[in-house]
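J.: TSV, C-alpha atoms, saved as my_file.tsv, coming up:
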chain	number	residue	atom	x	y	z
A	961	MET	CA	-145.46	33.66	0.01
A	962	THR	CA	-145.40	33.49	3.81
A	963	ASP	CA	-142.88	35.03	6.11
A	964	THR	CA	-141.62	31.59	7.05
A	965	GLY	CA	-141.58	30.09	3.55
A	966	ASP	CA	-139.58	27.00	2.76
A	967	ARG	CA	-136.59	28.24	0.77
A	968	SER	CA	-135.62	24.88	-0.60
A	969	GLY	CA	-135.70	24.82	-4.38
A	970	ALA	CA	-136.52	21.21	-5.18
A	971	ALA	CA	-139.75	19.66	-3.96
A	972	ILE	CA	-139.51	18.09	-0.52
A	973	ASN	CA	-140.19	14.56	-1.81
A	974	ASP	CA	-137.42	14.84	-4.38
A	975	ARG	CA	-134.82	16.29	-2.04
A	976	ALA	CA	-134.59	13.05	-0.12
A	977	HIS	CA	-133.67	11.20	-3.32
A	978	ILE	CA	-131.41	13.73	-5.05
A	979	ALA	CA	-128.21	12.84	-3.22
A	980	ASP	CA	-128.87	9.16	-3.92
A	981	TRP	CA	-129.53	9.81	-7.61
A	982	VAL	CA	-126.32	11.85	-7.82
A	983	LYS	CA	-124.39	9.02	-6.19
A	984	ARG	CA	-125.79	6.51	-8.69
A	985	ALA	CA	-125.29	8.82	-11.66
A	986	LYS	CA	-121.64	9.20	-10.69
A	987	LYS	CA	-121.29	5.46	-11.24
A	988	GLY	CA	-122.78	5.79	-14.71
A	989	ASP	CA	-126.44	5.10	-13.95
A	990	VAL	CA	-128.11	7.03	-16.75
A	991	ASP	CA	-131.59	6.39	-15.36
A	992	SER	CA	-130.67	8.22	-12.16
A	993	TYR	CA	-129.26	11.12	-14.14
A	994	GLN	CA	-132.50	11.29	-16.09
A	995	ARG	CA	-134.38	11.61	-12.79
A	996	LEU	CA	-132.17	14.56	-11.93
A	997	TYR	CA	-132.91	16.04	-15.34
A	998	ASP	CA	-136.65	15.56	-14.79
A	999	VAL	CA	-136.48	17.44	-11.48
A	1000	PHE	CA	-134.24	20.30	-12.53
A	1001	ALA	CA	-134.51	20.86	-16.29
A	1002	ARG	CA	-137.54	23.12	-16.10
A	1003	ARG	CA	-136.04	25.25	-13.35
A	1004	VAL	CA	-132.68	25.58	-15.06
A	1005	LEU	CA	-134.41	26.44	-18.33
A	1006	ASN	CA	-136.45	29.20	-16.73
A	1007	PHE	CA	-133.45	30.61	-14.88
A	1008	ILE	CA	-131.37	30.73	-18.05
A	1009	TYR	CA	-134.31	32.21	-19.97
A	1010	ARG	CA	-134.40	35.14	-17.52
A	1011	MET	CA	-130.76	35.84	-18.24
A	1012	VAL	CA	-130.66	35.47	-22.02
A	1013	ASN	CA	-134.25	36.46	-22.87
A	1014	SER	CA	-134.52	33.92	-25.68
A	1015	PRO	CA	-136.48	30.64	-25.35
A	1016	GLU	CA	-134.43	28.92	-28.05
A	1017	GLU	CA	-131.07	29.88	-26.59
A	1018	ALA	CA	-132.28	29.01	-23.11
A	1019	GLU	CA	-133.24	25.52	-24.34
A	1020	ASP	CA	-129.85	25.07	-26.00
A	1021	LEU	CA	-127.91	26.27	-22.97
A	1022	THR	CA	-130.01	24.07	-20.67
A	1023	GLN	CA	-129.03	21.00	-22.63
A	1024	GLU	CA	-125.40	22.07	-22.66
A	1025	THR	CA	-125.57	22.55	-18.92
A	1026	PHE	CA	-126.82	19.02	-18.34
A	1027	VAL	CA	-124.16	17.60	-20.63
A	1028	ALA	CA	-121.42	19.50	-18.80
A	1029	VAL	CA	-122.83	18.54	-15.41
A	1030	TYR	CA	-122.81	14.84	-16.28
A	1031	ARG	CA	-119.21	15.04	-17.44
A	1032	LYS	CA	-118.14	16.88	-14.29
A	1033	LEU	CA	-120.29	14.93	-11.85
A	1034	ASN	CA	-117.38	13.21	-10.15
A	1035	THR	CA	-115.88	16.57	-9.22
A	1036	LEU	CA	-118.88	17.31	-6.99
A	1037	LYS	CA	-117.73	16.47	-3.47
A	1038	GLU	CA	-121.00	16.80	-1.57
A	1039	ASN	CA	-123.92	15.16	-3.33
A	1040	ASP	CA	-126.52	17.10	-1.35
A	1041	ARG	CA	-125.17	20.36	-2.80
A	1042	PHE	CA	-126.01	19.28	-6.32
A	1043	GLU	CA	-128.72	21.90	-6.86
A	1044	ALA	CA	-126.57	24.96	-6.14
A	1045	TRP	CA	-123.70	23.42	-8.11
A	1046	LEU	CA	-125.99	22.82	-11.10
A	1047	PHE	CA	-127.23	26.42	-11.10
A	1048	ARG	CA	-123.65	27.69	-10.80
A	1049	ILE	CA	-122.66	25.77	-13.90
A	1050	ALA	CA	-125.75	27.05	-15.74
A	1051	ARG	CA	-124.89	30.60	-14.73
A	1052	ASN	CA	-121.32	30.18	-15.90
A	1053	PHE	CA	-122.54	29.07	-19.33
A	1054	VAL	CA	-124.76	32.12	-19.55
A	1055	TYR	CA	-121.99	34.52	-18.67
A	1056	GLN	CA	-119.44	32.84	-20.90
A	1057	ARG	CA	-121.60	33.12	-23.98
A	1058	TYR	CA	-123.85	36.06	-23.39
A	1059	ARG	CA	-122.02	38.68	-21.34
A	1060	ALA	CA	-122.11	41.18	-24.18
A	1061	ARG	CA	-125.63	40.48	-25.43
A	1062	GLU	CA	-128.30	43.15	-25.68
A	1063	PRO	CA	-130.77	42.46	-22.89
A	1064	ASN	CA	-133.99	43.07	-24.79
A	1065	MET	CA	-133.76	40.74	-27.76
A	1066	VAL	CA	-136.86	38.58	-27.68
A	1067	SER	CA	-137.48	35.69	-30.05
A	1068	VAL	CA	-140.86	35.48	-31.71
A	1069	GLU	CA	-142.50	32.09	-32.19
A	1070	GLU	CA	-139.71	29.69	-33.14
A	1071	LEU	CA	-139.98	26.16	-34.42
A	1072	ASP	CA	-137.44	23.39	-33.97
A	1073	GLU	CA	-136.43	20.84	-36.60
A	1074	ASP	CA	-139.48	18.73	-35.73
A	1075	GLY	CA	-141.81	21.64	-36.39
A	1076	GLN	CA	-142.64	21.96	-32.71
A	1077	PRO	CA	-142.62	25.36	-30.99
A	1078	VAL	CA	-139.45	25.85	-28.97
A	1079	THR	CA	-141.38	27.72	-26.34
A	1080	GLN	CA	-143.53	25.25	-24.49
A	1081	ILE	CA	-145.92	27.44	-22.55
A	1082	PRO	CA	-148.98	25.70	-21.11
A	1083	GLU	CA	-152.17	27.20	-22.53
A	1084	ALA	CA	-154.50	28.92	-20.11
A	1085	ARG	CA	-158.03	27.61	-20.11
A	1086	GLU	CA	-159.87	30.86	-19.44
A	1087	GLY	CA	-162.53	33.07	-21.01
A	1088	PRO	CA	-161.50	36.03	-23.18
A	1089	GLU	CA	-161.75	38.60	-20.37
A	1090	GLU	CA	-159.72	36.52	-17.93
A	1091	SER	CA	-157.19	35.75	-20.64
A	1092	PHE	CA	-156.75	39.45	-21.41
A	1093	GLU	CA	-156.24	40.29	-17.74
A	1094	ALA	CA	-153.85	37.39	-17.26
A	1095	ARG	CA	-151.86	38.42	-20.34
A	1096	GLU	CA	-151.73	42.01	-19.16
A	1097	LEU	CA	-150.46	40.93	-15.75
A	1098	GLU	CA	-147.93	38.63	-17.36
A	1099	ASP	CA	-146.67	41.48	-19.55
A	1100	VAL	CA	-146.35	43.76	-16.55
A	1101	VAL	CA	-144.52	41.13	-14.51
A	1102	GLU	CA	-142.23	40.24	-17.40
A	1103	GLY	CA	-141.50	43.90	-17.98
A	1104	ALA	CA	-140.68	44.39	-14.31
A	1105	ILE	CA	-138.28	41.43	-14.23
A	1106	GLY	CA	-136.73	42.32	-17.57
A	1107	SER	CA	-136.05	45.89	-16.51
A	1108	LEU	CA	-133.79	44.80	-13.66
A	1109	PRO	CA	-130.03	45.09	-14.18
A	1110	ASP	CA	-128.36	41.66	-14.65
A	1111	LYS	CA	-126.87	41.65	-11.15
A	1112	TYR	CA	-130.27	42.20	-9.53
A	1113	ARG	CA	-132.23	40.07	-11.98
A	1114	GLU	CA	-130.25	36.90	-11.34
A	1115	VAL	CA	-130.60	37.06	-7.55
A	1116	PHE	CA	-134.24	38.07	-7.92
A	1117	VAL	CA	-134.97	35.06	-10.14
A	1118	LEU	CA	-133.09	32.67	-7.88
A	1119	SER	CA	-134.85	33.90	-4.74
A	1120	ALA	CA	-138.36	34.88	-5.83
A	1121	LEU	CA	-138.94	32.39	-8.66
A	1122	GLN	CA	-136.57	29.50	-7.95
A	1123	ARG	CA	-137.00	29.80	-4.17
A	1124	LEU	CA	-133.40	29.00	-3.37
A	1125	SER	CA	-131.98	29.94	0.00
A	1126	TYR	CA	-129.84	33.05	0.30
A	1127	GLN	CA	-126.79	30.93	1.14
A	1128	GLU	CA	-127.31	28.80	-1.96
A	1129	ILE	CA	-127.69	31.94	-4.05
A	1130	ALA	CA	-124.49	33.36	-2.58
A	1131	ASP	CA	-122.71	30.11	-3.52
A	1132	ILE	CA	-124.10	30.24	-7.06
A	1133	VAL	CA	-123.20	33.85	-7.81
A	1134	GLY	CA	-119.95	33.80	-5.86
A	1135	ARG	CA	-120.74	36.74	-3.58
A	1136	SER	CA	-121.14	37.22	0.16
A	1137	LEU	CA	-124.40	36.46	1.91
A	1138	ALA	CA	-124.71	40.10	2.99
A	1139	SER	CA	-124.23	41.36	-0.57
A	1140	VAL	CA	-126.80	38.92	-1.94
A	1141	LYS	CA	-129.30	39.80	0.78
A	1142	THR	CA	-128.99	43.52	-0.02
A	1143	ASP	CA	-129.37	42.99	-3.75
A	1144	ILE	CA	-132.38	40.72	-3.34
A	1145	HIS	CA	-134.06	43.39	-1.24
A	1146	ARG	CA	-133.26	46.11	-3.78
A	1147	ALA	CA	-134.50	43.97	-6.62
A	1148	ARG	CA	-137.77	43.19	-4.85
A	1149	LEU	CA	-138.31	46.89	-4.07
A	1150	ALA	CA	-137.69	47.75	-7.73
A	1151	VAL	CA	-140.17	45.11	-8.89
A	1152	ARG	CA	-142.74	46.20	-6.34
A	1153	LYS	CA	-142.45	49.73	-7.69
A	1154	GLN	CA	-143.06	48.49	-11.25
A	1155	VAL	CA	-146.18	46.50	-10.33
A	1156	LYS	CA	-147.63	48.85	-7.70
A	1157	ASP	CA	-150.57	49.86	-9.88
A	1158	TYR	CA	-151.73	46.23	-9.86
A	1159	LEU	CA	-151.57	45.71	-6.11
A	1160	ARG	CA	-154.70	45.80	-3.97
A	1161	VAL	CA	-152.76	47.13	-0.93
B	840	MET	CA	-135.58	48.94	15.94
B	841	ASP	CA	-136.70	51.89	13.83
B	842	CYS	CA	-138.62	51.86	10.55
B	843	ARG	CA	-135.53	52.27	8.38
B	844	GLU	CA	-133.83	49.28	9.95
B	845	CYS	CA	-137.03	47.23	9.78
B	846	SER	CA	-137.53	48.11	6.14
B	847	SER	CA	-134.01	46.95	5.24
B	848	GLU	CA	-134.77	43.54	6.74
B	849	MET	CA	-138.22	43.12	5.34
B	850	THR	CA	-137.47	40.96	2.30
B	851	ALA	CA	-135.26	38.62	4.29
B	852	PHE	CA	-137.99	38.45	6.92
B	853	LEU	CA	-140.57	37.53	4.28
B	854	ASP	CA	-138.26	34.85	2.91
B	855	GLY	CA	-137.61	33.35	6.33
B	856	GLU	CA	-133.92	34.15	6.06
B	857	LEU	CA	-133.40	36.08	9.28
B	858	PRO	CA	-131.97	34.49	12.41
B	859	GLN	CA	-134.73	33.85	14.93
B	860	SER	CA	-133.86	36.68	17.30
B	861	ARG	CA	-133.65	39.19	14.45
B	862	GLY	CA	-136.92	37.93	13.02
B	863	ARG	CA	-138.60	38.44	16.38
B	864	GLN	CA	-137.34	42.05	16.48
B	865	VAL	CA	-138.75	42.71	13.02
B	866	ARG	CA	-142.05	41.06	13.92
B	867	SER	CA	-142.32	43.14	17.11
B	868	HIS	CA	-141.74	46.36	15.20
B	869	ILE	CA	-144.21	45.46	12.45
B	870	ASP	CA	-146.88	44.57	14.99
B	871	ALA	CA	-146.56	48.05	16.45
B	872	CYS	CA	-146.11	50.07	13.25
B	873	LEU	CA	-148.86	50.62	10.69
B	874	ALA	CA	-146.51	51.99	8.04
B	875	CYS	CA	-144.21	48.95	8.20
B	876	THR	CA	-147.20	46.64	8.22
B	877	ALA	CA	-148.41	48.25	5.01
B	878	GLU	CA	-144.97	47.99	3.44
B	879	LEU	CA	-144.69	44.31	4.38
B	880	ASN	CA	-148.11	43.60	2.90
B	881	ALA	CA	-147.19	45.41	-0.32
B	882	LEU	CA	-143.94	43.47	-0.64
B	883	ARG	CA	-145.74	40.21	0.00
B	884	GLU	CA	-148.47	40.95	-2.50
B	885	ALA	CA	-145.96	42.01	-5.17
B	886	ALA	CA	-144.03	38.79	-4.61
B	887	ASP	CA	-147.20	36.72	-4.91
B	888	LEU	CA	-148.23	38.58	-8.07
B	889	VAL	CA	-144.88	37.93	-9.71
B	890	HIS	CA	-144.90	34.29	-8.71
B	891	ALA	CA	-148.40	33.80	-10.07
B	892	HIS	CA	-147.96	35.64	-13.36
B	893	HIS	CA	-144.39	35.22	-14.56
B	894	ARG	CA	-143.88	33.38	-17.82
B	895	LYS	CA	-142.92	29.73	-17.36
B	896	LEU	CA	-141.21	27.75	-20.08
B	897	GLU	CA	-141.38	23.98	-20.33
B	898	PRO	CA	-138.40	21.96	-21.55
B	899	HIS	CA	-138.73	20.60	-25.06
B	900	PRO	CA	-140.22	17.06	-25.00
B	901	ALA	CA	-137.10	15.76	-26.74
B	902	GLY	CA	-134.76	17.63	-24.40
B	903	TRP	CA	-133.53	14.57	-22.55
B	904	ASN	CA	-132.81	12.67	-25.75
B	905	ARG	CA	-130.87	15.64	-27.05
B	906	VAL	CA	-128.77	15.63	-23.90
B	907	LEU	CA	-127.98	11.96	-24.48
B	908	VAL	CA	-127.11	12.58	-28.11
B	909	ARG	CA	-124.72	15.33	-27.10
B	910	LEU	CA	-123.18	13.08	-24.46
B	911	ASP	CA	-122.37	10.05	-26.51
B	912	GLY	CA	-124.51	9.83	-29.65
B	913	ALA	CA	-126.34	6.91	-28.10
B	914	GLY	CA	-129.80	8.24	-28.98
B	915	LYS	CA	-132.69	7.35	-26.68
B	916	ALA	CA	-131.90	6.32	-23.16
B	917	SER	CA	-132.02	2.66	-22.29
B	918	ARG	CA	-134.39	1.95	-19.41
B	919	HIS	CA	-131.88	-0.55	-18.04
B	920	GLY	CA	-129.11	1.12	-16.09
B	921	TRP	CA	-126.65	-1.73	-16.49
B	922	LEU	CA	-127.13	-1.77	-20.25
B	923	ALA	CA	-126.60	1.96	-20.50
B	924	LEU	CA	-123.48	1.56	-18.36
B	925	LEU	CA	-122.20	-1.14	-20.70
B	926	PHE	CA	-122.65	0.88	-23.85
B	927	THR	CA	-121.64	4.30	-22.63
B	928	ARG	CA	-118.69	3.91	-20.31
B	929	TRP	CA	-117.50	0.36	-20.85
B	930	GLN	CA	-117.97	-0.18	-24.57
B	931	PRO	CA	-114.42	-1.37	-25.38
B	932	VAL	CA	-114.40	-3.69	-22.35
B	933	ALA	CA	-117.85	-5.01	-23.26
B	934	ILE	CA	-116.81	-5.76	-26.82
B	935	SER	CA	-113.65	-7.50	-25.62
B	936	LEU	CA	-115.57	-9.59	-23.11
B	937	ILE	CA	-118.17	-10.60	-25.69
B	938	GLY	CA	-115.43	-11.51	-28.15
B	939	PHE	CA	-113.57	-13.51	-25.53
B	940	GLY	CA	-116.76	-15.28	-24.53
B	941	LEU	CA	-117.50	-16.24	-28.13
B	942	ALA	CA	-113.97	-17.51	-28.65
B	943	LEU	CA	-114.12	-19.54	-25.45
B	944	GLY	CA	-117.46	-20.95	-26.44
B	945	LEU	CA	-116.23	-21.99	-29.86
B	946	TRP	CA	-113.11	-23.55	-28.37
B	947	SER	CA	-115.16	-25.54	-25.84
B	948	TYR	CA	-117.53	-26.69	-28.56
B	949	GLN	CA	-114.64	-27.79	-30.75
B	950	ARG	CA	-113.11	-29.76	-27.87
B	951	HIS	CA	-116.46	-31.39	-27.23
B	952	ILE	CA	-116.74	-32.42	-30.90
B	953	ASP	CA	-113.18	-33.73	-30.87
B	954	SER	CA	-113.78	-35.77	-27.73
B	955	GLN	CA	-116.98	-37.20	-29.21
B	956	ARG	CA	-115.11	-38.27	-32.33
B	957	ALA	CA	-112.36	-39.82	-30.22
B	958	LEU	CA	-114.94	-41.86	-28.32
B	959	GLU	CA	-116.60	-43.07	-31.56
B	960	HIS	CA	-113.25	-44.30	-32.85
Would you mind writing the file's structure down as structure tokens?
T.:
Amino acid sequence: MTDTGDRSGAAINDRAHIADWVKRAKKGDVDSYQRLYDVFARRVLNFIYRMVNSPEEAEDLTQETFVAVYRKLNTLKENDRFEAWLFRIARNFVYQRYRAREPNMVSVEELDEDGQPVTQIPEAREGPEESFEARELEDVVEGAIGSLPDKYREVFVLSALQRLSYQEIADIVGRSLASVKTDIHRARLAVRKQVKDYLRV
Amino acid sequence: MDCRECSSEMTAFLDGELPQSRGRQVRSHIDACLACTAELNALREAADLVHAHHRKLEPHPAGWNRVLVRLDGAGKASRHGWLALLFTRWQPVAISLIGFGLALGLWSYQRHIDSQRALEH
């Protein structure tokens, strides 16, 4: 991460097309909506996963999000604000259904009705030693993110992992830019503290 | 700018979210302060570590089809936008038009047959 990083969420090549795909999808072009799904499904899934801590429920809520978004598409006034609007709807689903959930429930390996694992995690092609180190780092990072309170975790995920701009994050969570900026900083300090033993600095 | 103020702006500075003039102030302080330089480097490295090692899920391969099923029970997406449009949003109109077209076709054919018979007689 550089100190002048691009804070746009979607890839630069896709951003140019997103507003056009939204415009076409509003007219019922399912192919264009599928392009939007292809760009954003993974990101929405991983955002929701951070909030509900269950791969299966994250997958289910992701699909519900895209269904709801398609049905509400004509209420979106500015097509180039689709990304923030999409994440806001995803967040609303999470909070509607899981406000009272325990934060640390983790699903073990789950299979869907086709016998495929719900969690689709790409396999690392490494030797045993590298795999152990990578797994250890992953566990530490996951522990650090999971230990954050909900309010800090969502802005942390949206800024550090989803790379959305602070203004977009403020729009998604419905808070002021100043409040979001403060919470992102606090979250990043908390995570840095958790992973400090693994830093070279 | 003192260290406390610089520290409070450090994450926003790393993310490129500070206005230019404010960013220049932070950069000037960091360039002159070893402690803030170390803190910036630690924040940057922690951010890079998290980004490199956080768990990443992939959507289920059938995810898109499931979205379609939930939308309208249409099953797999058609690759032709106009066809999908016809069968998702305009189904009653499409059926009516097809029915009307068939009726018109039959009527025209019948008239043609009748006129042929009239000519033969």
J.: Work out how far atom CA of A:Ala1120 is from atom CA of A:Ala1147, in Å to one decimal.
T.: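 Rounded to one decimal, the two atoms are 9.9 Å apart.
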J.: For atom CA of A:Ala1018 and atom CA of A:Glu1128, determine how far apart the two atoms are, in Å to one decimal place.
T.: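 Atom-to-atom, atom CA of A:Ala1018 and atom CA of A:Glu1128 are spaced 21.7 Å apart.
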J.: Have a look at atom CA of A:Ser992 and atom CA of A:Val1004 and let me know their distance in Å, one decimal.
T.: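 Distance reported for this atom pair: 17.7 Å.
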J.: Could I get the residues of chain B with an atom no further than 9 Å from an atom of chain A, each paired with its nearest atom pair and that distance in Å to one decimal, using only C-alpha atoms, sorted by chain and residue number, as a Markdown table?
T.:
| residue | atom | partner | partner_atom | distance |
| --- | --- | --- | --- | --- |
| B:Ser847 | CA | A:His1145 | CA | 7.4 |
| B:Glu848 | CA | A:His1145 | CA | 8.0 |
| B:Met849 | CA | A:His1145 | CA | 7.8 |
| B:Thr850 | CA | A:His1145 | CA | 5.5 |
| B:Ala851 | CA | A:Lys1141 | CA | 7.0 |
| B:Phe852 | CA | A:Asp963 | CA | 6.0 |
| B:Leu853 | CA | A:Asp963 | CA | 3.9 |
| B:Asp854 | CA | A:Asp963 | CA | 5.6 |
| B:Gly855 | CA | A:Thr964 | CA | 4.4 |
| B:Glu856 | CA | A:Tyr1126 | CA | 7.1 |
| B:Ala877 | CA | A:Val1161 | CA | 7.4 |
| B:Glu878 | CA | A:Val1161 | CA | 9.0 |
| B:Asn880 | CA | A:Val1161 | CA | 7.0 |
| B:Ala881 | CA | A:Val1161 | CA | 5.9 |
| B:Leu882 | CA | A:Arg1152 | CA | 6.4 |
| B:Arg883 | CA | A:Met961 | CA | 6.6 |
| B:Glu884 | CA | A:Leu1159 | CA | 6.7 |
| B:Ala885 | CA | A:Arg1152 | CA | 5.4 |
| B:Ala886 | CA | A:Ala1120 | CA | 7.0 |
| B:Asp887 | CA | A:Met961 | CA | 6.0 |
| B:Leu888 | CA | A:Val1101 | CA | 7.9 |
| B:Val889 | CA | A:Val1101 | CA | 5.8 |
| B:His890 | CA | A:Leu1121 | CA | 6.3 |
| B:Ala891 | CA | A:Glu1098 | CA | 8.8 |
| B:His892 | CA | A:Glu1098 | CA | 5.0 |
| B:His893 | CA | A:Glu1098 | CA | 5.7 |
| B:Arg894 | CA | A:Glu1098 | CA | 6.6 |
| B:Lys895 | CA | A:Ile1081 | CA | 6.4 |
| B:Leu896 | CA | A:Ile1081 | CA | 5.3 |
| B:Glu897 | CA | A:Gln1080 | CA | 4.9 |
| B:Pro898 | CA | A:Arg1002 | CA | 5.6 |
| B:His899 | CA | A:Val1078 | CA | 6.6 |
| B:Pro900 | CA | A:Gln1080 | CA | 8.8 |
| B:Gly902 | CA | A:Gln1023 | CA | 6.9 |
| B:Trp903 | CA | A:Gln994 | CA | 7.3 |
| B:Arg905 | CA | A:Gln1023 | CA | 7.2 |
| B:Val906 | CA | A:Gln1023 | CA | 5.5 |
| B:Leu907 | CA | A:Val1027 | CA | 7.8 |
| B:Arg909 | CA | A:Val1027 | CA | 6.9 |
| B:Leu910 | CA | A:Val1027 | CA | 6.0 |
| B:Ala916 | CA | A:Val990 | CA | 7.5 |
| B:Ser917 | CA | A:Asp991 | CA | 7.9 |
| B:Arg918 | CA | A:Asp991 | CA | 6.6 |
| B:His919 | CA | A:Asp991 | CA | 7.4 |
| B:Gly920 | CA | A:Asp989 | CA | 5.2 |
| B:Trp921 | CA | A:Asp989 | CA | 7.3 |
| B:Ala923 | CA | A:Val990 | CA | 6.5 |
| B:Leu924 | CA | A:Gly988 | CA | 5.6 |
| B:Thr927 | CA | A:Gly988 | CA | 8.1 |
| B:Arg928 | CA | A:Gly988 | CA | 7.2 |
J.: Of the candidates A:Glu1017, A:Ile1132, A:Lys986, A:Ser1107, which one gets nearest to A:Glu1043 if we count only C-alpha atoms?
T.: A:Ile1132
J.: Show me, as a list in words, the residues that have an atom within 8 Å of stretch 975-978 of chain A when counting all atoms listed in the file, minus same-chain residues fewer than 5 positions from it.
T.: Ala970, Leu996, Asn1039, Asp1040 and Phe1042 of chain A
J.: If you count all atoms listed in the file, which residues fall within 8 Å of B:Ile869, apart from same-chain ones fewer than 5 positions away, as a list in words?
T.: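 The contact residues come out as Cys845, Cys875 and Thr876 of chain B.
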J.: Kindly complete stretch 1152-1158 of chain A to all heavy atoms; the output should be written as an mmCIF file, in the frame of the given file.
T.:
data_model
loop_
_atom_site.group_PDB
_atom_site.id
_atom_site.type_symbol
_atom_site.label_atom_id
_atom_site.label_comp_id
_atom_site.auth_asym_id
_atom_site.auth_seq_id
_atom_site.Cartn_x
_atom_site.Cartn_y
_atom_site.Cartn_z
ATOM 1 N N ARG A 1152 -141.503 45.746 -6.983
ATOM 2 C CA ARG A 1152 -142.740 46.200 -6.340
ATOM 3 C C ARG A 1152 -143.165 47.557 -6.901
ATOM 4 O O ARG A 1152 -144.335 47.815 -7.158
ATOM 5 C CB ARG A 1152 -142.554 46.301 -4.832
ATOM 6 C CG ARG A 1152 -143.853 46.617 -4.099
ATOM 7 C CD ARG A 1152 -143.623 47.132 -2.726
ATOM 8 N NE ARG A 1152 -143.003 48.441 -2.749
ATOM 9 C CZ ARG A 1152 -142.705 49.133 -1.662
ATOM 10 N NH1 ARG A 1152 -142.951 48.630 -0.478
ATOM 11 N NH2 ARG A 1152 -142.146 50.300 -1.760
ATOM 12 N N LYS A 1153 -142.167 48.406 -7.135
ATOM 13 C CA LYS A 1153 -142.450 49.730 -7.690
ATOM 14 C C LYS A 1153 -143.088 49.611 -9.085
ATOM 15 O O LYS A 1153 -144.014 50.334 -9.431
ATOM 16 C CB LYS A 1153 -141.152 50.520 -7.765
ATOM 17 C CG LYS A 1153 -141.317 52.004 -7.980
ATOM 18 C CD LYS A 1153 -139.963 52.701 -7.860
ATOM 19 C CE LYS A 1153 -140.091 54.141 -8.323
ATOM 20 N NZ LYS A 1153 -138.783 54.823 -8.357
ATOM 21 N N GLN A 1154 -142.573 48.665 -9.879
ATOM 22 C CA GLN A 1154 -143.060 48.490 -11.250
ATOM 23 C C GLN A 1154 -144.490 47.952 -11.290
ATOM 24 O O GLN A 1154 -145.239 48.242 -12.222
ATOM 25 C CB GLN A 1154 -142.159 47.496 -11.990
ATOM 26 C CG GLN A 1154 -140.740 47.957 -12.203
ATOM 27 C CD GLN A 1154 -140.592 48.698 -13.509
ATOM 28 O OE1 GLN A 1154 -141.281 48.406 -14.467
ATOM 29 N NE2 GLN A 1154 -139.693 49.653 -13.546
ATOM 30 N N VAL A 1155 -144.858 47.154 -10.281
ATOM 31 C CA VAL A 1155 -146.180 46.500 -10.330
ATOM 32 C C VAL A 1155 -147.171 47.158 -9.373
ATOM 33 O O VAL A 1155 -148.285 46.648 -9.194
ATOM 34 C CB VAL A 1155 -146.084 44.987 -10.025
ATOM 35 C CG1 VAL A 1155 -145.127 44.305 -10.986
ATOM 36 C CG2 VAL A 1155 -145.689 44.724 -8.585
ATOM 37 N N LYS A 1156 -146.807 48.272 -8.792
ATOM 38 C CA LYS A 1156 -147.630 48.850 -7.700
ATOM 39 C C LYS A 1156 -149.056 49.174 -8.145
ATOM 40 O O LYS A 1156 -149.982 49.086 -7.353
ATOM 41 C CB LYS A 1156 -146.955 50.075 -7.100
ATOM 42 C CG LYS A 1156 -146.834 51.277 -7.989
ATOM 43 C CD LYS A 1156 -146.209 52.428 -7.175
ATOM 44 C CE LYS A 1156 -145.894 53.696 -7.957
ATOM 45 N NZ LYS A 1156 -146.331 53.919 -9.268
ATOM 46 N N ASP A 1157 -149.228 49.519 -9.413
ATOM 47 C CA ASP A 1157 -150.570 49.860 -9.880
ATOM 48 C C ASP A 1157 -151.500 48.644 -9.902
ATOM 49 O O ASP A 1157 -152.711 48.799 -10.024
ATOM 50 C CB ASP A 1157 -150.511 50.461 -11.288
ATOM 51 C CG ASP A 1157 -149.826 51.813 -11.277
ATOM 52 O OD1 ASP A 1157 -149.783 52.452 -10.203
ATOM 53 O OD2 ASP A 1157 -149.339 52.232 -12.347
ATOM 54 N N TYR A 1158 -150.941 47.450 -9.779
ATOM 55 C CA TYR A 1158 -151.730 46.230 -9.860
ATOM 56 C C TYR A 1158 -151.906 45.565 -8.501
ATOM 57 O O TYR A 1158 -152.439 44.469 -8.407
ATOM 58 C CB TYR A 1158 -151.088 45.245 -10.847
ATOM 59 C CG TYR A 1158 -151.052 45.802 -12.231
ATOM 60 C CD1 TYR A 1158 -150.027 46.640 -12.648
ATOM 61 C CD2 TYR A 1158 -152.084 45.521 -13.132
ATOM 62 C CE1 TYR A 1158 -150.017 47.193 -13.915
ATOM 63 C CE2 TYR A 1158 -152.080 46.067 -14.400
ATOM 64 C CZ TYR A 1158 -151.050 46.902 -14.781
ATOM 65 O OH TYR A 1158 -151.046 47.444 -16.050
#
